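Note sheet for the following structure.
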Amino acid sequence: MKIDKSDLGKILRFLPKREKRFLAIDFSETQTEMVYVESSLEKLKLLAYDTKRMLPQEEGKSDVIVNFIRDFLRKNSILERDIILSISEADSIHIKYLSLPLLPREEILEAAKWQLKDDVPFDLKDASFDWQILKDYTDENGAKKRGIIFIVAKKGAIDKYLSVVAECHLNPAGITSSLFNFPGLIKHLPENPSIYSVLNIDYKDSTLAIYANSKLNFARRLPFSLQKLTDALTRVLVTAKGKVGLSREEAEEIEHTIGIPEDETQFVNKDIQGSHIMSLMRPLLEALIREIKLSYDYFSSHFDMDPPALLYLTGAALTLRNLDRYLKRGLDKDVAYLSLPSHIDTQELKDEELNQENQNRIMSVLGAAVYDSKSIDLLPLAIRRQKSESIQKTSLRVIGITAAAIFLFLLFIAQFQINDYNNRLNNAKRHLETLSHIKILKDKIDLREELIGKIQKGKVPAEGILKVLSMLMPQEIILDELILNQQSHLLIFHGKLLAGENSAETILANFMQLLEASNYFTEASLVSFKRTAMVQEFEIKCDVHYQ
């Protein structure tokens with residue numbers, strides 16, 4: 001049976017592997033992040049990554065993203081085609097918590113659409129839906145309810161990015177979104193609190209998400225972004241030296257180097273002090289803290305849980321220095337930048353390639369890389385069915401090929417057994433013929449031994465002498481020659497002694513005593529003894545006593 005190469009590739013994909021390499025990509029309005037990873041049961045190895053900051057004139061242009069992906073694949077010599085997509089466009093993704101009656105799974109979507117129709121800012125027709133069940137509970141009226149977090153993705157955004165990866169000849173394995181990506185990373189961090197929040201700051205907007213037991217419970221867009229902060233810093237300042245202003249480049253430089261001033265008396269440059277910078281930043285920063293507190297209060301009262309004890313910062317948050325300290329003072333909560341968990345191996349990269357700022361930029365796409373079957377999936381239903389049908393067809397082919405292979409194997413085993421039985425039969429025949437020849441040979445040997453016994457009757461048994469000598473002879477002695485005179489019953493042997501002169505005589509004397517003490521030898525005497533090279537040569541003569 002001939003197997004097509006494309007079928008073989010599909011079959012290999014479904015076979016269990018210890019390690020698998022694939023791609024993950026995260027799309028937002030202002031940035032595209034891409035990673036190439038190797039996943040195993042123990043860890044996730046980061047092999048390569050890159051980010052593309054979208055310039056204003058590039059935003060929304062698919063060809064820019066296509067070129068970015070192709071360059072990434074070519075630069076890193078990547079042959080793998082499977083890719084996980086993460087869509088983080090705030091205007092294309094809507095997340096909502098709904099409380100629904102206990103319904104069969106097939107009825108949940110229609111009930112959710114009816115409640116979401118007035119909340120979602122885009123057409124729900126053909127939109128992609130998915131959800132996670134958070135909890136089952138009984139309300140104040142005794143009705144059993146189910147709390148579910150829903151995510152709705154705009155059809156246009158899904159189609160756009162599926163078209164992009166298709167143009168790059170990549171196979172989408174699933175579609176997720178950034179807010180559902182972070183729990184897969186945070187659960188591997190040492191602190192791993194049961195309730196925490198993540199503030200993902202982007203250039204155009206920011207999103208606050210609150211998680212309980214590693215599941216997203218609440219999400220909200222906040223009126224804060226680096227773009228708004230930069231715009232605020234470029235406003236005209238009135239100082240003691242008159243009106244001064246910062247260019248966008250100068251404002252961004254201040255965000256990177258000074259950030260939120262710790263000392264308002266310090267001079268940023270010769271004309272502007274830290275207090276001037278704070279006067280421009282303060283309205284946005286105070287609004288950010290106020291919105292976070294309101295979100296915490298709403299979560300605590302609506303979900304009947306404690307507010308988050310820890311706030312993680314990610315995205316472009318590291319661009320604004322001292323943001324973590326400012327938020328910690330304003331919220332009176334622990335604040336930390338989201339860091340790489342220990343199960344992500346970055347040894348393939350150079351240390352300077354993945355600094356803290358770059359780590360924060362790719363956290364979302366790294367979270368997408370730990371995508372599993374329990375994650376949300378916004379892949380359109382038509383593509384899921386197509387993939388399912390492809391899997392079924394491939395499975396049938398695998399079953400057919402396996403069945404054929406088993407049949408051929410059984411046929412081979414049967415043929416092998418037939419050949420084995422034939423060989424056994426032929427061997428049995430040859431064995432019988434050999435036994436007949438052996439019987440004839442044995443009869444001849446018996447006659448020969450009988451004749452030898454008659455000839456040797458009354459003579460010294462040489463075989464017995466040799467056995468006695470082998471038992472009595474020390475391991476330091478090597479015999480070169482053995483002479484047995486049957487007529488005179490005299491035994492002479494020459495040999496070498498591997499020992500020093502001092503111990504050689506003792507060894508020979510003991511040997512001769514053993515000979516005389518046996519039943520075969522009497523009057524053992526040393527005829528000659530001399531040293532040659534590194535050994536002692538000797539000759540011993542003794543009478544053979546035989547009864």
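Letters A, B, ... mark the chains of the structure tokens in the order given; residue numbers begin at 1 per chain; ligand numbers begin at 1, in order shown.
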Practice item. Please provide as a PyMOL selection string all residues within 12 Å of Tyr296 of chain A, with the sequence filter that same-chain residues fewer than 3 positions apart are discarded (counting only C-alpha atoms). Key: chain A and resi 195-198+208-211+217-220+289-293+299-311+331+333
Take the residues from that selection and put them in a file with C-alpha atoms, as an mmCIF file, in the first residue's frame.
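Below is the file out-v6.cif, written as the result:
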```cif
data_model
loop_
_atom_site.group_PDB
_atom_site.id
_atom_site.type_symbol
_atom_site.label_atom_id
_atom_site.label_comp_id
_atom_site.auth_asym_id
_atom_site.auth_seq_id
_atom_site.Cartn_x
_atom_site.Cartn_y
_atom_site.Cartn_z
ATOM 1 C CA ILE A 195 -6.887 35.938 43.142
ATOM 2 C CA TYR A 196 -4.766 38.402 41.172
ATOM 3 C CA SER A 197 -5.082 41.032 38.468
ATOM 4 C CA VAL A 198 -3.111 41.884 35.330
ATOM 5 C CA LEU A 208 -7.397 45.327 33.517
ATOM 6 C CA ALA A 209 -8.241 41.671 34.043
ATOM 7 C CA ILE A 210 -9.020 39.929 37.338
ATOM 8 C CA TYR A 211 -8.491 36.186 37.775
ATOM 9 C CA ASN A 217 -13.562 36.523 35.899
ATOM 10 C CA PHE A 218 -13.587 40.191 34.980
ATOM 11 C CA ALA A 219 -12.084 42.367 32.233
ATOM 12 C CA ARG A 220 -12.319 46.090 31.557
ATOM 13 C CA ILE A 289 -5.641 54.394 40.094
ATOM 14 C CA ARG A 290 -9.263 55.454 40.502
ATOM 15 C CA GLU A 291 -10.446 53.112 37.740
ATOM 16 C CA ILE A 292 -8.467 50.200 39.174
ATOM 17 C CA LYS A 293 -9.995 50.749 42.614
ATOM 18 C CA PHE A 299 -15.384 42.579 41.438
ATOM 19 C CA SER A 300 -15.453 42.143 45.211
ATOM 20 C CA SER A 301 -19.170 42.989 45.537
ATOM 21 C CA HIS A 302 -20.394 41.308 42.335
ATOM 22 C CA PHE A 303 -18.438 38.058 42.744
ATOM 23 C CA ASP A 304 -18.476 37.971 46.546
ATOM 24 C CA MET A 305 -14.685 37.534 46.707
ATOM 25 C CA ASP A 306 -11.773 39.395 48.204
ATOM 26 C CA PRO A 307 -10.185 41.975 45.900
ATOM 27 C CA PRO A 308 -6.897 40.962 44.252
ATOM 28 C CA ALA A 309 -3.917 41.124 46.558
ATOM 29 C CA LEU A 310 -1.375 41.348 43.726
ATOM 30 C CA LEU A 311 -1.328 43.374 40.501
ATOM 31 C CA LEU A 331 -3.469 51.186 45.599
ATOM 32 C CA LYS A 333 -1.373 46.644 47.075
#
```
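Running DSSP on the backbone and keeping only strand (DSSP E), the residues of segment 240-363 of chain A that qualify are Gly242, Lys243, Val244, Leu310, Leu311, Tyr312, Leu313, Thr314, Gly315, Asp334, Val335, Ala336, Tyr337, Ile344 and Asp345 of chain A.
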Just the selected residues (N, CA and C atoms), exported as a compact mmCIF listing (two decimals), in the first residue's frame, please.
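Resulting contents of part.txt:
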```
# COMPACT_ATOMS: atom_id res chain seq x y z
N GLY A 242 9.27 80.85 31.74
CA GLY A 242 8.33 81.07 30.65
C GLY A 242 7.72 79.78 30.16
N LYS A 243 7.11 79.81 28.98
CA LYS A 243 6.47 78.63 28.42
C LYS A 243 7.51 77.75 27.74
N VAL A 244 7.47 76.45 28.09
CA VAL A 244 8.36 75.47 27.46
C VAL A 244 7.53 74.25 27.08
N LEU A 310 -2.58 41.11 44.52
CA LEU A 310 -1.37 41.35 43.73
C LEU A 310 -1.77 41.81 42.33
N LEU A 311 -1.11 42.85 41.85
CA LEU A 311 -1.33 43.37 40.50
C LEU A 311 -0.06 43.16 39.69
N TYR A 312 -0.20 42.43 38.55
CA TYR A 312 0.91 42.24 37.64
C TYR A 312 0.83 43.29 36.53
N LEU A 313 1.99 43.84 36.15
CA LEU A 313 2.08 44.78 35.04
C LEU A 313 2.75 44.09 33.87
N THR A 314 2.22 44.30 32.67
CA THR A 314 2.82 43.68 31.49
C THR A 314 2.54 44.54 30.28
N GLY A 315 2.94 44.03 29.10
CA GLY A 315 2.81 44.82 27.89
C GLY A 315 3.92 45.85 27.82
N ASP A 334 0.33 45.02 46.56
CA ASP A 334 1.58 44.57 45.94
C ASP A 334 1.46 44.70 44.43
N VAL A 335 2.49 45.25 43.82
CA VAL A 335 2.53 45.43 42.36
C VAL A 335 3.86 44.89 41.87
N ALA A 336 3.84 44.10 40.80
CA ALA A 336 5.07 43.50 40.25
C ALA A 336 4.95 43.40 38.74
N TYR A 337 6.09 43.52 38.08
CA TYR A 337 6.09 43.28 36.64
C TYR A 337 6.01 41.77 36.41
N ILE A 344 9.92 28.17 31.52
CA ILE A 344 10.25 28.64 30.17
C ILE A 344 11.77 28.75 30.07
N ASP A 345 12.34 27.96 29.18
CA ASP A 345 13.79 27.87 29.00
C ASP A 345 14.21 28.83 27.89
```
**Study point:** Polymer residues at most 12 Å from Leu116 of chain A, only C-alpha atoms, same-chain spacing of 6 or more positions, as a ChimeraX atom specification
**Key:** /A:94-100,109-110,122-125,127,129,149-152
Could you save the residues just selected, with C-alpha atoms, as a PDB file, in the first residue's frame?
```
ATOM      1  CA  HIS A  94     -15.532  41.660  23.623  1.00  0.00           C
ATOM      2  CA  ILE A  95     -15.439  39.846  26.977  1.00  0.00           C
ATOM      3  CA  LYS A  96     -18.491  39.651  29.232  1.00  0.00           C
ATOM      4  CA  TYR A  97     -19.506  37.772  32.367  1.00  0.00           C
ATOM      5  CA  LEU A  98     -23.056  36.389  32.186  1.00  0.00           C
ATOM      6  CA  SER A  99     -25.223  34.637  34.724  1.00  0.00           C
ATOM      7  CA  LEU A 100     -27.399  32.027  32.970  1.00  0.00           C
ATOM      8  CA  LEU A 109     -24.800  30.045  22.944  1.00  0.00           C
ATOM      9  CA  GLU A 110     -28.281  31.172  21.892  1.00  0.00           C
ATOM     10  CA  PHE A 122     -20.323  44.896  16.496  1.00  0.00           C
ATOM     11  CA  ASP A 123     -22.588  42.542  14.574  1.00  0.00           C
ATOM     12  CA  LEU A 124     -22.947  39.131  16.250  1.00  0.00           C
ATOM     13  CA  LYS A 125     -23.842  37.465  12.975  1.00  0.00           C
ATOM     14  CA  ALA A 127     -18.950  36.259  15.020  1.00  0.00           C
ATOM     15  CA  PHE A 129     -17.824  32.707  20.332  1.00  0.00           C
ATOM     16  CA  ILE A 149     -17.285  34.277  31.002  1.00  0.00           C
ATOM     17  CA  PHE A 150     -17.891  34.777  27.270  1.00  0.00           C
ATOM     18  CA  ILE A 151     -15.539  36.029  24.575  1.00  0.00           C
ATOM     19  CA  VAL A 152     -16.835  37.275  21.234  1.00  0.00           C
TER      20      VAL A 152
END
```
Non-local contacts of Leu246 of chain A (8 Å; only C-alpha atoms; under 3 positions in same chain excluded) as a compact mmCIF listing (two decimals) with N, CA and C atoms, in the first residue's frame:
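What landed in around_35.txt:
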```txt
# COMPACT_ATOMS: atom_id res chain seq x y z
N LEU A 233 2.48 64.82 27.91
CA LEU A 233 3.80 65.39 28.17
C LEU A 233 4.23 66.41 27.12
N THR A 234 3.57 66.43 25.98
CA THR A 234 3.94 67.39 24.93
C THR A 234 3.13 68.69 25.04
N ARG A 235 2.30 68.79 26.06
CA ARG A 235 1.56 70.04 26.23
C ARG A 235 2.51 71.14 26.74
N VAL A 236 2.09 72.36 26.52
CA VAL A 236 2.92 73.51 26.90
C VAL A 236 2.97 73.63 28.42
N GLU A 249 9.62 62.98 20.86
CA GLU A 249 10.85 62.22 21.12
C GLU A 249 11.37 62.49 22.52
N GLU A 250 11.32 63.78 22.95
CA GLU A 250 11.78 64.12 24.29
C GLU A 250 10.85 63.51 25.35
N ALA A 251 9.54 63.54 25.07
CA ALA A 251 8.59 62.97 26.02
C ALA A 251 8.82 61.47 26.18
```
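DSSP secondary structure from the backbone places Lys155, Gly156, Ala157, Ile158, Asp159, Lys160, Tyr161, Leu162, Ser163, Val164, Val165, Ala166, Glu167, Ser178, Leu179, Phe180, Phe182, Pro183, Gly184, Leu185 and Ile186 of chain A of segment 132-199 of chain A in helix (DSSP H, G or I).
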Would you save the residues of that selection, restricted to N, CA and C atoms, as an mmCIF file, in the first residue's frame?
```
data_model
loop_
_atom_site.group_PDB
_atom_site.id
_atom_site.type_symbol
_atom_site.label_atom_id
_atom_site.label_comp_id
_atom_site.auth_asym_id
_atom_site.auth_seq_id
_atom_site.Cartn_x
_atom_site.Cartn_y
_atom_site.Cartn_z
ATOM 1 N N LYS A 155 -15.952 39.045 13.280
ATOM 2 C CA LYS A 155 -15.674 38.192 12.117
ATOM 3 C C LYS A 155 -14.571 38.781 11.243
ATOM 4 N N GLY A 156 -14.625 40.087 11.028
ATOM 5 C CA GLY A 156 -13.635 40.713 10.155
ATOM 6 C C GLY A 156 -12.219 40.524 10.654
ATOM 7 N N ALA A 157 -12.001 40.632 11.972
ATOM 8 C CA ALA A 157 -10.656 40.466 12.537
ATOM 9 C C ALA A 157 -10.180 39.023 12.402
ATOM 10 N N ILE A 158 -11.075 38.068 12.694
ATOM 11 C CA ILE A 158 -10.717 36.649 12.561
ATOM 12 C C ILE A 158 -10.329 36.332 11.122
ATOM 13 N N ASP A 159 -11.178 36.756 10.175
ATOM 14 C CA ASP A 159 -10.910 36.475 8.760
ATOM 15 C C ASP A 159 -9.607 37.125 8.304
ATOM 16 N N LYS A 160 -9.374 38.333 8.789
ATOM 17 C CA LYS A 160 -8.169 39.070 8.372
ATOM 18 C C LYS A 160 -6.906 38.309 8.769
ATOM 19 N N TYR A 161 -6.841 37.866 9.997
ATOM 20 C CA TYR A 161 -5.614 37.223 10.458
ATOM 21 C C TYR A 161 -5.502 35.774 9.999
ATOM 22 N N LEU A 162 -6.627 35.120 9.766
ATOM 23 C CA LEU A 162 -6.559 33.790 9.141
ATOM 24 C C LEU A 162 -6.024 33.897 7.725
ATOM 25 N N SER A 163 -6.409 34.971 7.036
ATOM 26 C CA SER A 163 -5.901 35.202 5.684
ATOM 27 C C SER A 163 -4.399 35.467 5.703
ATOM 28 N N VAL A 164 -3.942 36.196 6.730
ATOM 29 C CA VAL A 164 -2.516 36.501 6.847
ATOM 30 C C VAL A 164 -1.693 35.220 7.002
ATOM 31 N N VAL A 165 -2.098 34.334 7.935
ATOM 32 C CA VAL A 165 -1.311 33.116 8.166
ATOM 33 C C VAL A 165 -1.434 32.147 6.986
ATOM 34 N N ALA A 166 -2.592 32.167 6.311
ATOM 35 C CA ALA A 166 -2.754 31.320 5.127
ATOM 36 C C ALA A 166 -1.793 31.770 4.027
ATOM 37 N N GLU A 167 -1.618 33.091 3.882
ATOM 38 C CA GLU A 167 -0.700 33.614 2.874
ATOM 39 C C GLU A 167 0.742 33.222 3.185
ATOM 40 N N SER A 178 -5.361 37.612 24.421
ATOM 41 C CA SER A 178 -4.323 37.863 25.427
ATOM 42 C C SER A 178 -4.814 37.673 26.859
ATOM 43 N N LEU A 179 -6.033 38.111 27.175
ATOM 44 C CA LEU A 179 -6.496 38.038 28.559
ATOM 45 C C LEU A 179 -6.678 36.598 29.034
ATOM 46 N N PHE A 180 -6.823 35.668 28.101
ATOM 47 C CA PHE A 180 -6.935 34.252 28.466
ATOM 48 C C PHE A 180 -5.567 33.562 28.452
ATOM 49 N N PHE A 182 -2.637 34.772 30.075
ATOM 50 C CA PHE A 182 -1.767 34.988 31.238
ATOM 51 C C PHE A 182 -1.836 33.893 32.305
ATOM 52 N N PRO A 183 -3.000 33.285 32.601
ATOM 53 C CA PRO A 183 -3.012 32.257 33.661
ATOM 54 C C PRO A 183 -2.054 31.106 33.405
ATOM 55 N N GLY A 184 -1.852 30.739 32.135
ATOM 56 C CA GLY A 184 -0.931 29.645 31.831
ATOM 57 C C GLY A 184 0.498 29.946 32.232
ATOM 58 N N LEU A 185 0.841 31.224 32.310
ATOM 59 C CA LEU A 185 2.180 31.624 32.757
ATOM 60 C C LEU A 185 2.236 31.808 34.268
ATOM 61 N N ILE A 186 1.226 32.516 34.795
ATOM 62 C CA ILE A 186 1.270 32.897 36.213
ATOM 63 C C ILE A 186 1.189 31.678 37.135
#
```
With a distance cut-off of 12 Å and only C-alpha atoms, select the neighbouring residues of segment 261-271 of chain A, excluding the residue or stretch itself and same-chain residues fewer than 3 positions from it, and output the selection as an mmCIF file with C-alpha atoms, in the first residue's frame.
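And here is the file that came out, part-v9.cif:
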```
data_model
loop_
_atom_site.group_PDB
_atom_site.id
_atom_site.type_symbol
_atom_site.label_atom_id
_atom_site.label_comp_id
_atom_site.auth_asym_id
_atom_site.auth_seq_id
_atom_site.Cartn_x
_atom_site.Cartn_y
_atom_site.Cartn_z
ATOM 1 C CA LEU A 237 4.394 74.016 30.373
ATOM 2 C CA VAL A 238 4.457 77.345 32.201
ATOM 3 C CA THR A 239 7.651 77.599 34.236
ATOM 4 C CA ALA A 240 9.555 80.402 35.956
ATOM 5 C CA LYS A 241 11.478 80.783 32.713
ATOM 6 C CA GLY A 242 8.329 81.069 30.646
ATOM 7 C CA LYS A 243 6.471 78.629 28.421
ATOM 8 C CA VAL A 244 8.359 75.467 27.464
ATOM 9 C CA GLY A 245 7.339 72.294 25.719
ATOM 10 C CA LEU A 246 8.627 68.828 24.908
ATOM 11 C CA GLU A 250 11.781 64.121 24.289
ATOM 12 C CA ALA A 251 8.586 62.969 26.018
ATOM 13 C CA GLU A 253 12.849 59.658 26.309
ATOM 14 C CA ILE A 254 11.621 60.974 29.692
ATOM 15 C CA GLU A 255 9.229 58.008 29.986
ATOM 16 C CA HIS A 256 12.124 55.603 29.381
ATOM 17 C CA THR A 257 14.802 57.255 31.524
ATOM 18 C CA ILE A 258 13.000 59.086 34.337
ATOM 19 C CA GLY A 274 10.135 66.819 38.073
ATOM 20 C CA SER A 275 7.191 68.791 39.478
ATOM 21 C CA HIS A 276 6.381 70.070 35.975
ATOM 22 C CA ILE A 277 6.418 66.508 34.608
ATOM 23 C CA MET A 278 4.161 65.329 37.440
ATOM 24 C CA SER A 279 1.688 68.144 36.808
ATOM 25 C CA LEU A 280 1.253 66.760 33.261
ATOM 26 C CA MET A 281 1.184 63.100 34.254
ATOM 27 C CA ARG A 282 -0.889 63.325 37.433
ATOM 28 C CA LEU A 320 7.229 53.923 31.946
ATOM 29 C CA ARG A 321 9.757 53.754 34.776
ATOM 30 C CA ASN A 322 8.584 53.744 38.409
ATOM 31 C CA LEU A 323 5.004 52.861 37.422
ATOM 32 C CA ASP A 324 5.066 49.870 39.763
ATOM 33 C CA ARG A 325 6.102 52.017 42.745
ATOM 34 C CA TYR A 326 3.503 54.666 41.996
ATOM 35 C CA ARG A 329 1.563 53.557 46.870
#
```
Review point. Leaving out Ser28 of chain A and any residue of its chain fewer than 4 positions from it, which residues lie within 12 Å of it when counting only C-alpha atoms, given as number ranges by chain?
Key: A: 32-34, 51-54, 59-61, 65, 85-93, 157, 161, 177-178, 201-206, 315, 361, 364-365
Based on the selection just made, write N, CA and C atoms of those residues as a compact mmCIF listing (two decimals), in the first residue's frame.
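File part-v4.txt, as written:
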```txt
# COMPACT_ATOMS: atom_id res chain seq x y z
N THR A 32 2.79 43.51 16.73
CA THR A 32 2.68 42.08 16.44
C THR A 32 3.85 41.37 17.09
N GLU A 33 3.56 40.33 17.86
CA GLU A 33 4.59 39.57 18.57
C GLU A 33 4.58 38.14 18.07
N MET A 34 5.76 37.57 17.91
CA MET A 34 5.85 36.21 17.38
C MET A 34 6.94 35.43 18.11
N THR A 51 9.34 41.12 17.65
CA THR A 51 8.17 41.99 17.76
C THR A 51 8.22 43.03 16.66
N LYS A 52 7.05 43.45 16.23
CA LYS A 52 6.93 44.46 15.18
C LYS A 52 6.04 45.58 15.68
N ARG A 53 6.64 46.73 15.95
CA ARG A 53 5.87 47.91 16.35
C ARG A 53 5.27 48.53 15.08
N MET A 54 3.97 48.60 15.03
CA MET A 54 3.29 49.11 13.85
C MET A 54 3.32 50.63 13.85
N GLU A 59 -0.55 50.61 10.47
CA GLU A 59 -1.61 49.96 11.23
C GLU A 59 -2.74 49.50 10.32
N GLY A 60 -3.13 48.24 10.50
CA GLY A 60 -4.23 47.68 9.72
C GLY A 60 -3.82 47.12 8.38
N LYS A 61 -2.56 47.22 8.02
CA LYS A 61 -2.11 46.73 6.71
C LYS A 61 -1.62 45.28 6.84
N ILE A 65 2.30 42.77 8.01
CA ILE A 65 2.38 41.62 8.93
C ILE A 65 2.87 40.38 8.19
N LEU A 85 -2.81 31.38 17.16
CA LEU A 85 -3.08 32.80 16.99
C LEU A 85 -3.66 33.39 18.27
N SER A 86 -3.24 34.60 18.60
CA SER A 86 -3.82 35.35 19.71
C SER A 86 -4.20 36.72 19.18
N ILE A 87 -5.47 37.07 19.32
CA ILE A 87 -5.96 38.36 18.83
C ILE A 87 -6.27 39.26 20.03
N SER A 88 -5.56 40.38 20.09
CA SER A 88 -5.69 41.28 21.24
C SER A 88 -6.19 42.65 20.85
N GLU A 89 -6.84 42.75 19.70
CA GLU A 89 -7.42 44.03 19.28
C GLU A 89 -8.62 44.36 20.17
N ALA A 90 -8.52 45.44 20.91
CA ALA A 90 -9.58 45.78 21.87
C ALA A 90 -10.92 46.03 21.18
N ASP A 91 -10.90 46.59 19.98
CA ASP A 91 -12.16 46.89 19.28
C ASP A 91 -12.78 45.66 18.62
N SER A 92 -12.01 44.58 18.51
CA SER A 92 -12.50 43.39 17.83
C SER A 92 -12.85 42.25 18.79
N ILE A 93 -12.51 42.42 20.07
CA ILE A 93 -12.74 41.38 21.07
C ILE A 93 -13.61 41.96 22.18
N ALA A 157 -12.00 40.63 11.97
CA ALA A 157 -10.66 40.47 12.54
C ALA A 157 -10.18 39.02 12.40
N TYR A 161 -6.84 37.87 10.00
CA TYR A 161 -5.61 37.22 10.46
C TYR A 161 -5.50 35.77 10.00
N SER A 177 -6.99 34.76 22.96
CA SER A 177 -6.85 36.20 23.16
C SER A 177 -6.01 36.45 24.39
N SER A 178 -5.36 37.61 24.42
CA SER A 178 -4.32 37.86 25.43
C SER A 178 -4.81 37.67 26.86
N ILE A 201 -0.73 47.14 29.57
CA ILE A 201 -0.68 48.49 29.01
C ILE A 201 -0.17 48.43 27.58
N ASP A 202 -0.93 49.02 26.68
CA ASP A 202 -0.54 49.07 25.27
C ASP A 202 -0.33 50.54 24.90
N TYR A 203 0.05 50.76 23.65
CA TYR A 203 0.30 52.13 23.22
C TYR A 203 -1.00 52.91 23.04
N LYS A 204 -2.09 52.19 22.73
CA LYS A 204 -3.35 52.89 22.47
C LYS A 204 -4.39 52.70 23.56
N ASP A 205 -4.31 51.64 24.32
CA ASP A 205 -5.27 51.43 25.41
C ASP A 205 -4.67 50.48 26.44
N SER A 206 -5.39 50.30 27.52
CA SER A 206 -4.97 49.38 28.58
C SER A 206 -6.16 48.56 29.02
N GLY A 315 2.94 44.03 29.10
CA GLY A 315 2.81 44.82 27.89
C GLY A 315 3.92 45.85 27.82
N ARG A 361 7.05 42.58 26.68
CA ARG A 361 6.36 42.77 25.40
C ARG A 361 5.84 41.45 24.83
N SER A 364 2.20 38.05 26.41
CA SER A 364 0.92 37.58 25.90
C SER A 364 1.10 36.43 24.92
N VAL A 365 2.05 36.58 23.99
CA VAL A 365 2.23 35.53 22.99
C VAL A 365 2.86 34.28 23.60
```
Review point. Could you work out how far atom CA of Tyr49 of chain A lies from atom CA of Leu354 of chain A, giving the answer in Å with one decimal?
Key: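 Atom CA of Tyr49 of chain A lies at a distance of 9.1 Å from atom CA of Leu354 of chain A.
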Study note, to complete from the structure: Separating atom CA of Phe407 of chain A from atom CA of Asn422 of chain A, to the nearest tenth of an Å, is a gap of 22.7 Å
Review point. Within 12 Å of segment 502-508 of chain A, counting only C-alpha atoms, which residues qualify if same-chain residues fewer than 5 places away don't, as a PyMOL selection string?
Key: chain A and resi 472-478+495-497+513-515+524-531+535-540
Kindly save the residues from that selection, with N, CA and C atoms included, as a compact mmCIF listing (two decimals), in the first residue's frame.
```txt
# COMPACT_ATOMS: atom_id res chain seq x y z
N LEU A 472 49.10 -31.75 41.71
CA LEU A 472 50.19 -31.49 42.63
C LEU A 472 51.06 -30.31 42.20
N MET A 473 51.06 -29.97 40.92
CA MET A 473 52.02 -28.99 40.41
C MET A 473 51.65 -27.57 40.82
N PRO A 474 52.59 -26.82 41.43
CA PRO A 474 52.34 -25.41 41.80
C PRO A 474 52.12 -24.56 40.54
N GLN A 475 51.45 -23.41 40.71
CA GLN A 475 51.13 -22.56 39.56
C GLN A 475 52.37 -21.83 39.03
N GLU A 476 53.48 -21.83 39.82
CA GLU A 476 54.70 -21.17 39.34
C GLU A 476 55.48 -22.02 38.35
N ILE A 477 55.13 -23.32 38.23
CA ILE A 477 55.88 -24.25 37.37
C ILE A 477 55.18 -24.40 36.03
N ILE A 478 55.99 -24.32 34.96
CA ILE A 478 55.50 -24.56 33.60
C ILE A 478 56.32 -25.70 33.01
N GLY A 495 61.23 -28.28 32.93
CA GLY A 495 60.29 -27.15 33.03
C GLY A 495 60.93 -25.85 33.47
N LYS A 496 60.11 -24.85 33.63
CA LYS A 496 60.56 -23.52 34.06
C LYS A 496 59.81 -23.14 35.34
N LEU A 497 60.51 -22.39 36.16
CA LEU A 497 59.93 -21.95 37.42
C LEU A 497 59.90 -20.41 37.43
N GLN A 513 58.45 -33.27 47.45
CA GLN A 513 57.86 -33.96 48.61
C GLN A 513 56.45 -34.43 48.32
N LEU A 514 55.66 -33.55 47.61
CA LEU A 514 54.30 -33.95 47.25
C LEU A 514 54.31 -35.14 46.30
N LEU A 515 55.28 -35.18 45.35
CA LEU A 515 55.38 -36.31 44.42
C LEU A 515 55.63 -37.61 45.19
N ALA A 524 61.95 -39.03 44.20
CA ALA A 524 62.03 -37.85 43.33
C ALA A 524 63.32 -37.11 43.62
N SER A 525 64.08 -36.76 42.56
CA SER A 525 65.36 -36.07 42.74
C SER A 525 65.50 -34.97 41.70
N LEU A 526 66.24 -33.90 42.12
CA LEU A 526 66.48 -32.76 41.22
C LEU A 526 67.75 -33.02 40.44
N VAL A 527 67.63 -33.20 39.14
CA VAL A 527 68.77 -33.51 38.28
C VAL A 527 69.56 -32.25 37.98
N SER A 528 68.87 -31.18 37.61
CA SER A 528 69.59 -29.94 37.27
C SER A 528 68.70 -28.74 37.65
N PHE A 529 69.39 -27.60 37.87
CA PHE A 529 68.68 -26.36 38.23
C PHE A 529 69.57 -25.18 37.84
N LYS A 530 69.11 -24.35 36.93
CA LYS A 530 69.93 -23.20 36.51
C LYS A 530 69.00 -22.03 36.14
N ARG A 531 69.56 -20.81 36.22
CA ARG A 531 68.81 -19.58 35.91
C ARG A 531 69.09 -19.19 34.46
N VAL A 535 63.90 -16.59 34.15
CA VAL A 535 63.24 -17.74 34.76
C VAL A 535 64.30 -18.74 35.25
N GLN A 536 63.86 -19.76 36.04
CA GLN A 536 64.71 -20.84 36.54
C GLN A 536 64.34 -22.12 35.80
N GLU A 537 65.30 -22.75 35.12
CA GLU A 537 65.05 -24.02 34.42
C GLU A 537 65.48 -25.17 35.34
N PHE A 538 64.70 -26.27 35.23
CA PHE A 538 65.02 -27.40 36.12
C PHE A 538 64.69 -28.71 35.40
N GLU A 539 65.26 -29.81 35.97
CA GLU A 539 64.94 -31.17 35.49
C GLU A 539 64.79 -32.05 36.73
N ILE A 540 63.67 -32.77 36.79
CA ILE A 540 63.37 -33.65 37.93
C ILE A 540 63.19 -35.07 37.42
```
Study note, to complete from the structure: atom CA of Ser39 of chain A to atom CA of Asp63 of chain A measures 29.5 Å
